[in-house]
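Worksheet for the structure shown next.
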Amino acid sequence: MSEESLLPVSLKQALLSELSADHSGGLRVGSVSAAQIAQDFGTPAYVYDAAILRRNLERVAAALGPRVSILFALKANPNAAVARTLRLAGAGAEVASAGEIHVASHAGFDGQQIQFAGPGKDERDLELAIRHRLYCINVESEGEYEAVASTARRLGERPAVSFRLNPKDGLCGSRMHMGGGSKKFGLDATAIVQLVRRVKAENVCEFRGLHVYAGTQSFDAAAWVDNARGLVAFAAELERETGQTVHSLDFGGGFGVPLFDGDKSLDLAMLGESLQALIAQDARPERRYFVELGRYLAATAGVYLTRVLYKKESAGRTHLILDGGMHHHAAAAGVGSVIRRPYPIVAVHAPQAEVTSPYTLGGPLCTPADELAVNLELPELQPGALVAVLASGAYGLTFSNVMFLSHPTPCEVLVDDGAAHLVREAGRVEDSMRGQIVPMTGMSR
Ligand SMILES: Cc1ncc(COP(=O)(O)O)c(C=O)c1O
């Protein structure tokens with residue numbers, strides 16, 4: 001291997017062994033050959049392994065214990081077949097838009113299994129949430145509470161609301177902070193106290209509890225539990241101040257998944273033990289506790305398959321031009337990261353090859369940003385060969401700017417029990433005109 005290799009071999013190996021025990025004949029997802037999937041369904045394609053989704057959920061459930069209910073954050077992967085797999089394995093759902101409520105109900109979730117977060121819920125979002133009688137709407141501002149209350153009056157419903165706390169200190173050890181200091185997310189503690197009094201006085205909504213979500217890619221178990229401890233302490237203070245019972249606490253998500261060389265692993269066992277101790281100390285047998293996880297449940301379960309279109313040399317580098325790229329997998333092209341590093345990428349015909357040379361991988365978009373790796377060590381690849389971006393089950397398609405250059409969207413495939421199922425059709429060229437209206441006046445010019 002050349003010295004420029006950026007691929008963390010041990011991380012790559014770990015991801016490969018999650019996917020299958022045997023990749024000797026080429027990459028496998030479960031027991032199914034990735035090359036066969038590409039042949040049957042075409043590329044680019046996202047492929048998800050139901051067994052890994054279930055395994056990830058089981059690991060979290062075992063670590064956190066029976067008092068904690070686990071919600072799947074659909075924003076990480078709003079594919080209804082993925083969500084359904086997790087529902088059947090015991091997860092609830094956390095949604096962030098009317099569209100995600102729609103997906104969750106197609107995935108079979110009952111309203112009482114769903115919680116609704118997000119700082120900018122509009123009238124349409126709230127109406128659907130109220131009509132579906134969600135377990136709670138996690139309210140993030142005073143204006144949002146007023147919008148929930150007025151929609152509830154109009155519909156003659158009595159929705160349950162929780163309030164999202166913006167904790168005074170953000171979550172240490174998390175890569176993207178969504179709490180602490182002045183933030184668009186959540187409410188300061190003093191505002192929550194006033195709103196809970198208002199909910200009681202107005203009696204339009206039911207007060208359910210509290211929510212916190214402080215950041216994603218958190219690798220520091222102790223810091224994560226400290227944040228949860230802060231919510232438990234605030235719940236006690238709120239009950240003292242208002243006399244209202246806090247029925248549920250949602251501690252958020254953000255469990256870190258190693259994606260790059262040097263990433264640590266989250267100590268899930270330690271997090272689980274500390275959280276269970278915290279809940280035992282809270283001594284509230286009737287209270288419900290939740291976590292809402294996206295990446296930790298789905299990331300390792302997915303691969304993005306793309307085919308090499310062209311191979312060319314330029315100024316000392318060998319470039320592979322792929323049929324997929326940042327318009328389908330923005331995160332793998334570095335969008336959202338401060339430092340650009342390649343995701344774990346393998347050649348489908350030889351994912352564990354030892355004889356390699358450096359390739360620079362770019363997608364079809366007319367921007368230098370559409371690059372998945374520079375001088376990445378891969379075995380000999382010619383046009384027609386397949387490469388797979390591992391750890392792509394979360395924040396893949398959902399996080400991507402699919403409109404750019406009007407290429408069709410990729411298909412999505414779920415592997416379960418040794419069979420591959422198409423769970424989202426690929427887009428079509430004609431989709432580039434979907435919903436567009438060409439004016440009929442002035443057309444002669
Ligand atoms: C409110 C909320 N809940 C849950 C999640 C899921 O986070 P993660 O995928 O890091 O677990 C997010 C991610 O942004 C979020 O904003």
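Identifiers in the structure tokens: chain A, B, ... in order shown; residue index from 1 per chain; ligand index from 1 in order shown.
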TODO: Skip range 284-288 of chain A itself and residues of its chain fewer than 4 positions away, then list as a list in words all residues within 12 Å of it, counting only C-alpha atoms.
DONE: Pro66, Arg67, Val68, Ser69, Ile70, Tyr135, Arg208, Gly209, Leu210, His211, Val232, Ala235, Ala236, Thr245, Val246, His247, Ser248, Leu249, Asp250, Phe251, Leu278, Ile279 and Ala280 of chain A
Wanna dump the chain A-ligand 1 contacts at 8 Å for me, each residue with its shortest atom pair and the distance in Å to one decimal, counting only C-alpha atoms and all ligand atoms, ordered by chain and number, as a Markdown table?
```
| residue | atom | partner | partner_atom_place_in_ligand_line | distance |
| --- | --- | --- | --- | --- |
| A:Phe72 | CA | ligand 1 | 6 (C) | 8.0 |
| A:Ala73 | CA | ligand 1 | 4 (C) | 5.2 |
| A:Leu74 | CA | ligand 1 | 6 (C) | 8.0 |
| A:Lys75 | CA | ligand 1 | 13 (C) | 7.0 |
| A:Ala76 | CA | ligand 1 | 9 (O) | 5.6 |
| A:Glu94 | CA | ligand 1 | 3 (N) | 6.8 |
| A:Ala96 | CA | ligand 1 | 1 (C) | 7.5 |
| A:Ala117 | CA | ligand 1 | 1 (C) | 5.3 |
| A:Gly118 | CA | ligand 1 | 1 (C) | 6.0 |
| A:Met178 | CA | ligand 1 | 16 (O) | 7.5 |
| A:Val212 | CA | ligand 1 | 1 (C) | 7.7 |
| A:Tyr213 | CA | ligand 1 | 1 (C) | 5.4 |
| A:Gly215 | CA | ligand 1 | 10 (O) | 6.7 |
| A:Thr216 | CA | ligand 1 | 10 (O) | 3.7 |
| A:Gln217 | CA | ligand 1 | 10 (O) | 5.5 |
| A:Ser218 | CA | ligand 1 | 10 (O) | 7.6 |
| A:Gly252 | CA | ligand 1 | 3 (N) | 5.5 |
| A:Gly253 | CA | ligand 1 | 11 (O) | 4.2 |
| A:Gly254 | CA | ligand 1 | 10 (O) | 3.2 |
| A:Phe255 | CA | ligand 1 | 11 (O) | 5.4 |
| A:Gly256 | CA | ligand 1 | 10 (O) | 6.9 |
| A:Glu292 | CA | ligand 1 | 4 (C) | 5.1 |
| A:Leu293 | CA | ligand 1 | 11 (O) | 3.7 |
| A:Gly294 | CA | ligand 1 | 9 (O) | 3.3 |
| A:Arg295 | CA | ligand 1 | 9 (O) | 3.8 |
| A:Tyr296 | CA | ligand 1 | 11 (O) | 6.0 |
| A:Leu297 | CA | ligand 1 | 11 (O) | 7.9 |
| A:Ala394 | CA | ligand 1 | 9 (O) | 7.3 |
| A:Tyr395 | CA | ligand 1 | 9 (O) | 7.8 |
```
With C-alpha atoms kept, could you save the residues just selected as an mmCIF file, in the first residue's frame?
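Output contents, as saved in part05.cif:
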```
data_model
loop_
_atom_site.group_PDB
_atom_site.id
_atom_site.type_symbol
_atom_site.label_atom_id
_atom_site.label_comp_id
_atom_site.auth_asym_id
_atom_site.auth_seq_id
_atom_site.Cartn_x
_atom_site.Cartn_y
_atom_site.Cartn_z
ATOM 1 C CA PHE A 72 -35.611 5.496 15.253
ATOM 2 C CA ALA A 73 -34.919 9.036 14.014
ATOM 3 C CA LEU A 74 -36.290 8.855 10.485
ATOM 4 C CA LYS A 75 -34.223 11.812 9.336
ATOM 5 C CA ALA A 76 -31.244 9.435 9.252
ATOM 6 C CA GLU A 94 -38.931 10.128 15.942
ATOM 7 C CA ALA A 96 -39.252 15.918 12.033
ATOM 8 C CA ALA A 117 -39.123 17.144 16.980
ATOM 9 C CA GLY A 118 -37.774 20.074 14.964
ATOM 10 C CA MET A 178 -27.483 21.469 18.889
ATOM 11 C CA VAL A 212 -33.265 17.167 24.939
ATOM 12 C CA TYR A 213 -31.045 16.604 21.924
ATOM 13 C CA GLY A 215 -25.701 16.933 19.219
ATOM 14 C CA THR A 216 -24.753 14.179 16.821
ATOM 15 C CA GLN A 217 -21.634 11.975 16.621
ATOM 16 C CA SER A 218 -21.109 11.957 20.373
ATOM 17 C CA GLY A 252 -32.158 12.490 22.510
ATOM 18 C CA GLY A 253 -29.684 10.542 20.415
ATOM 19 C CA GLY A 254 -26.389 11.265 18.722
ATOM 20 C CA PHE A 255 -24.540 8.064 19.653
ATOM 21 C CA GLY A 256 -21.291 8.257 17.674
ATOM 22 C CA GLU A 292 -33.973 8.730 19.628
ATOM 23 C CA LEU A 293 -31.184 7.362 17.472
ATOM 24 C CA GLY A 294 -30.559 7.621 13.764
ATOM 25 C CA ARG A 295 -26.957 7.000 12.844
ATOM 26 C CA TYR A 296 -26.242 4.335 15.453
ATOM 27 C CA LEU A 297 -29.094 2.145 14.226
ATOM 28 C CA ALA A 394 -27.604 6.902 7.685
ATOM 29 C CA TYR A 395 -27.591 10.462 6.321
#
```
Could you give me, as a PDB file with C-alpha atoms, in the first residue's frame, the residues within 7 Å of Asp49 in chain A, counting only C-alpha atoms and dropping anything in the same chain fewer than 4 positions from it?
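out39.pdb was written with the following content:
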```pdb
ATOM      1  CA  VAL A  29     -24.528  -7.778   1.988  1.00  0.00           C
ATOM      2  CA  GLY A  30     -25.949 -10.468   4.218  1.00  0.00           C
ATOM      3  CA  LEU A  53     -30.519  -2.904  11.563  1.00  0.00           C
ATOM      4  CA  ALA A 301     -26.384  -1.327   7.753  1.00  0.00           C
ATOM      5  CA  GLY A 302     -26.010   0.454   4.409  1.00  0.00           C
ATOM      6  CA  LEU A 414     -33.272  -4.051   1.366  1.00  0.00           C
ATOM      7  CA  VAL A 415     -31.601  -7.399   1.927  1.00  0.00           C
ATOM      8  CA  ASP A 416     -33.490  -9.610   4.345  1.00  0.00           C
TER       9      ASP A 416
END
```
Open item on the list: Write out as a ChimeraX atom specification the set of residues from range 87-131 of chain A that DSSP, computed on the backbone, places in strand (DSSP E or B).
Closed with: /A:92-95,114-116
Task: Residue neighbourhood Thr242 in chain A, 8 Å, only C-alpha atoms, exclusion window fewer than 6 positions, as a PyMOL selection string - done: chain A and resi 193+196-197
Could the residues in this selection be written to a file with all heavy atoms, as a PDB file, in the first residue's frame?
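And here is the file that came out, result-v2.pdb:
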```
ATOM      1  N   VAL A 193     -40.592  26.574  32.212  1.00  0.00           N
ATOM      2  CA  VAL A 193     -41.392  26.685  33.440  1.00  0.00           C
ATOM      3  C   VAL A 193     -42.662  27.497  33.152  1.00  0.00           C
ATOM      4  O   VAL A 193     -43.775  27.096  33.502  1.00  0.00           O
ATOM      5  CB  VAL A 193     -40.559  27.334  34.581  1.00  0.00           C
ATOM      6  CG1 VAL A 193     -41.434  27.597  35.803  1.00  0.00           C
ATOM      7  CG2 VAL A 193     -39.360  26.455  34.943  1.00  0.00           C
ATOM      8  N   VAL A 196     -45.134  25.528  30.844  1.00  0.00           N
ATOM      9  CA  VAL A 196     -45.849  24.429  31.518  1.00  0.00           C
ATOM     10  C   VAL A 196     -47.008  25.011  32.342  1.00  0.00           C
ATOM     11  O   VAL A 196     -48.112  24.455  32.350  1.00  0.00           O
ATOM     12  CB  VAL A 196     -44.874  23.593  32.377  1.00  0.00           C
ATOM     13  CG1 VAL A 196     -45.618  22.617  33.279  1.00  0.00           C
ATOM     14  CG2 VAL A 196     -43.915  22.823  31.473  1.00  0.00           C
ATOM     15  N   ARG A 197     -46.771  26.159  32.962  1.00  0.00           N
ATOM     16  CA  ARG A 197     -47.874  26.824  33.702  1.00  0.00           C
ATOM     17  C   ARG A 197     -48.987  27.202  32.735  1.00  0.00           C
ATOM     18  O   ARG A 197     -50.174  27.067  33.040  1.00  0.00           O
ATOM     19  CB  ARG A 197     -47.358  28.080  34.404  1.00  0.00           C
ATOM     20  CG  ARG A 197     -46.437  27.743  35.564  1.00  0.00           C
ATOM     21  CD  ARG A 197     -46.241  28.970  36.470  1.00  0.00           C
ATOM     22  NE  ARG A 197     -45.384  28.623  37.595  1.00  0.00           N
ATOM     23  CZ  ARG A 197     -44.187  29.154  37.827  1.00  0.00           C
ATOM     24  NH1 ARG A 197     -43.686  30.087  37.023  1.00  0.00           N
ATOM     25  NH2 ARG A 197     -43.480  28.765  38.877  1.00  0.00           N
TER      26      ARG A 197
END
```
TODO: Determine the nearest neighbour of Ala298 in chain A from the options A:Pro44, A:Gly181, A:Pro379, A:Gly393, counting only C-alpha atoms.
DONE: A:Gly393
TODO: Determine, counting only C-alpha atoms, which protein, DNA and RNA residues have an atom within 10 Å of an atom of Phe116 in chain A; residues of the same chain fewer than 3 positions away are not included. Present the result as number ranges by chain.
DONE: A: 73, 93-98, 100-101, 121, 125-126, 129, 134-139, 161-162
Task: Nearest candidate to Leu88 in chain A (options A:Arg428, A:His319, A:Arg158, A:Arg54; using only C-alpha atoms) - done: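 Looking only at the distances to Leu88 in chain A, the closest residue turns out to be A:Arg54.
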Can you list, as an mmCIF file with C-alpha atoms, in the first residue's frame, every protein, DNA or RNA residue that comes within 9 Å of Pro408 in chain A when you count only C-alpha atoms, leaving out same-chain residues fewer than 3 positions away?
```
data_model
loop_
_atom_site.group_PDB
_atom_site.id
_atom_site.type_symbol
_atom_site.label_atom_id
_atom_site.label_comp_id
_atom_site.auth_asym_id
_atom_site.auth_seq_id
_atom_site.Cartn_x
_atom_site.Cartn_y
_atom_site.Cartn_z
ATOM 1 C CA VAL A 402 -30.477 15.319 -5.331
ATOM 2 C CA MET A 403 -31.638 18.106 -7.693
ATOM 3 C CA ALA A 426 -34.655 4.563 -9.126
ATOM 4 C CA GLY A 427 -35.674 7.977 -10.371
ATOM 5 C CA ARG A 428 -36.226 8.587 -14.080
ATOM 6 C CA VAL A 429 -34.893 11.205 -16.461
ATOM 7 C CA GLU A 430 -38.451 12.595 -16.722
ATOM 8 C CA ASP A 431 -38.412 13.364 -12.984
ATOM 9 C CA SER A 432 -36.274 16.386 -13.870
#
```
TODO: Using backbone DSSP assignments, extract all helix (DSSP H, G or I) residues from range 261-399 of chain A; output them as a PyMOL selection string.
DONE: chain A and resi 268-282+295-301+331-333+397-399
Keeping only C-alpha atoms, write the selected residues to a file as a PDB file, in the first residue's frame.
```pdb
ATOM      1  CA  LEU A 268     -22.076   1.792  24.732  1.00  0.00           C
ATOM      2  CA  ALA A 269     -21.803  -0.549  27.726  1.00  0.00           C
ATOM      3  CA  MET A 270     -20.602   2.277  29.970  1.00  0.00           C
ATOM      4  CA  LEU A 271     -23.279   4.640  28.664  1.00  0.00           C
ATOM      5  CA  GLY A 272     -25.939   1.995  29.270  1.00  0.00           C
ATOM      6  CA  GLU A 273     -24.806   1.207  32.807  1.00  0.00           C
ATOM      7  CA  SER A 274     -24.668   4.886  33.766  1.00  0.00           C
ATOM      8  CA  LEU A 275     -28.056   5.612  32.213  1.00  0.00           C
ATOM      9  CA  GLN A 276     -29.638   2.652  33.981  1.00  0.00           C
ATOM     10  CA  ALA A 277     -28.129   3.859  37.275  1.00  0.00           C
ATOM     11  CA  LEU A 278     -29.505   7.359  36.622  1.00  0.00           C
ATOM     12  CA  ILE A 279     -32.992   5.976  35.952  1.00  0.00           C
ATOM     13  CA  ALA A 280     -32.837   3.804  39.070  1.00  0.00           C
ATOM     14  CA  GLN A 281     -31.842   6.876  41.095  1.00  0.00           C
ATOM     15  CA  ASP A 282     -34.698   8.852  39.575  1.00  0.00           C
ATOM     16  CA  ARG A 295     -26.957   7.000  12.844  1.00  0.00           C
ATOM     17  CA  TYR A 296     -26.242   4.335  15.453  1.00  0.00           C
ATOM     18  CA  LEU A 297     -29.094   2.145  14.226  1.00  0.00           C
ATOM     19  CA  ALA A 298     -28.687   2.599  10.491  1.00  0.00           C
ATOM     20  CA  ALA A 299     -25.195   3.739   9.433  1.00  0.00           C
ATOM     21  CA  THR A 300     -23.405   0.387   9.409  1.00  0.00           C
ATOM     22  CA  ALA A 301     -26.384  -1.327   7.753  1.00  0.00           C
ATOM     23  CA  ALA A 331     -21.836  13.226   3.404  1.00  0.00           C
ATOM     24  CA  ALA A 332     -19.357  10.937   1.631  1.00  0.00           C
ATOM     25  CA  ALA A 333     -18.218  13.945  -0.407  1.00  0.00           C
ATOM     26  CA  LEU A 397     -29.711   9.938   0.264  1.00  0.00           C
ATOM     27  CA  THR A 398     -31.712  11.936   2.813  1.00  0.00           C
ATOM     28  CA  PHE A 399     -28.833  14.367   3.355  1.00  0.00           C
TER      29      PHE A 399
END
```
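Restricting the calculation to only C-alpha atoms, the smallest distance between Ala91 in chain A and any of A:Tyr304, A:Phe260, A:Phe290, A:Phe163 is found for A:Phe290.
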Task: Option closest in space to Gly324 in chain A, from A:Asn79, A:Thr306, A:Gln39, A:Gln382 [counting only C-alpha atoms] - done: A:Thr306
TODO: Tell me which protein, DNA and RNA residues are within 10 Å of Gln194 in chain A, counting only C-alpha atoms, leaving out same-chain ones fewer than 6 positions away, and put them as number ranges by chain.
DONE: A: 142, 238, 241-242
Just write the chosen residues, all heavy atoms, as a PDB file, in the first residue's frame.
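So the final result, stored in again.pdb, reads:
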```pdb
ATOM      1  N   GLU A 142     -42.030  29.300  22.155  1.00  0.00           N
ATOM      2  CA  GLU A 142     -43.334  29.741  22.649  1.00  0.00           C
ATOM      3  C   GLU A 142     -44.323  29.872  21.485  1.00  0.00           C
ATOM      4  O   GLU A 142     -45.479  29.454  21.575  1.00  0.00           O
ATOM      5  CB  GLU A 142     -43.160  31.095  23.343  1.00  0.00           C
ATOM      6  CG  GLU A 142     -44.373  31.517  24.098  1.00  0.00           C
ATOM      7  CD  GLU A 142     -44.170  32.863  24.791  1.00  0.00           C
ATOM      8  OE1 GLU A 142     -43.015  33.315  24.918  1.00  0.00           O
ATOM      9  OE2 GLU A 142     -45.187  33.460  25.188  1.00  0.00           O
ATOM     10  N   LEU A 238     -38.738  21.335  37.665  1.00  0.00           N
ATOM     11  CA  LEU A 238     -39.981  21.750  36.996  1.00  0.00           C
ATOM     12  C   LEU A 238     -41.207  21.267  37.774  1.00  0.00           C
ATOM     13  O   LEU A 238     -42.182  22.011  37.941  1.00  0.00           O
ATOM     14  CB  LEU A 238     -39.985  21.162  35.575  1.00  0.00           C
ATOM     15  CG  LEU A 238     -41.115  21.598  34.654  1.00  0.00           C
ATOM     16  CD1 LEU A 238     -41.005  23.085  34.319  1.00  0.00           C
ATOM     17  CD2 LEU A 238     -41.090  20.791  33.342  1.00  0.00           C
ATOM     18  N   GLU A 241     -41.556  23.485  40.819  1.00  0.00           N
ATOM     19  CA  GLU A 241     -41.991  24.860  40.501  1.00  0.00           C
ATOM     20  C   GLU A 241     -43.441  24.915  40.027  1.00  0.00           C
ATOM     21  O   GLU A 241     -44.119  25.903  40.249  1.00  0.00           O
ATOM     22  CB  GLU A 241     -41.115  25.436  39.390  1.00  0.00           C
ATOM     23  CG  GLU A 241     -39.680  25.596  39.792  1.00  0.00           C
ATOM     24  CD  GLU A 241     -39.292  27.063  39.940  1.00  0.00           C
ATOM     25  OE1 GLU A 241     -40.083  27.927  39.526  1.00  0.00           O
ATOM     26  OE2 GLU A 241     -38.221  27.314  40.494  1.00  0.00           O
ATOM     27  N   THR A 242     -43.895  23.889  39.302  1.00  0.00           N
ATOM     28  CA  THR A 242     -45.202  24.000  38.641  1.00  0.00           C
ATOM     29  C   THR A 242     -46.252  23.055  39.211  1.00  0.00           C
ATOM     30  O   THR A 242     -47.441  23.196  38.902  1.00  0.00           O
ATOM     31  CB  THR A 242     -45.078  23.676  37.135  1.00  0.00           C
ATOM     32  OG1 THR A 242     -44.686  22.299  36.997  1.00  0.00           O
ATOM     33  CG2 THR A 242     -44.078  24.567  36.444  1.00  0.00           C
TER      34      THR A 242
END
```
Open item on the list: What does the structure give for the distance between CA of Gly362 in chain A and CA of Pro410 in chain A, in Å to one decimal?
Closed with: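 Computed distance, CA of Gly362 in chain A to CA of Pro410 in chain A, equals 16.5 Å.
CA of Glu123 in chain A sits 21.7 Å away from CA of Ile192 in chain A.
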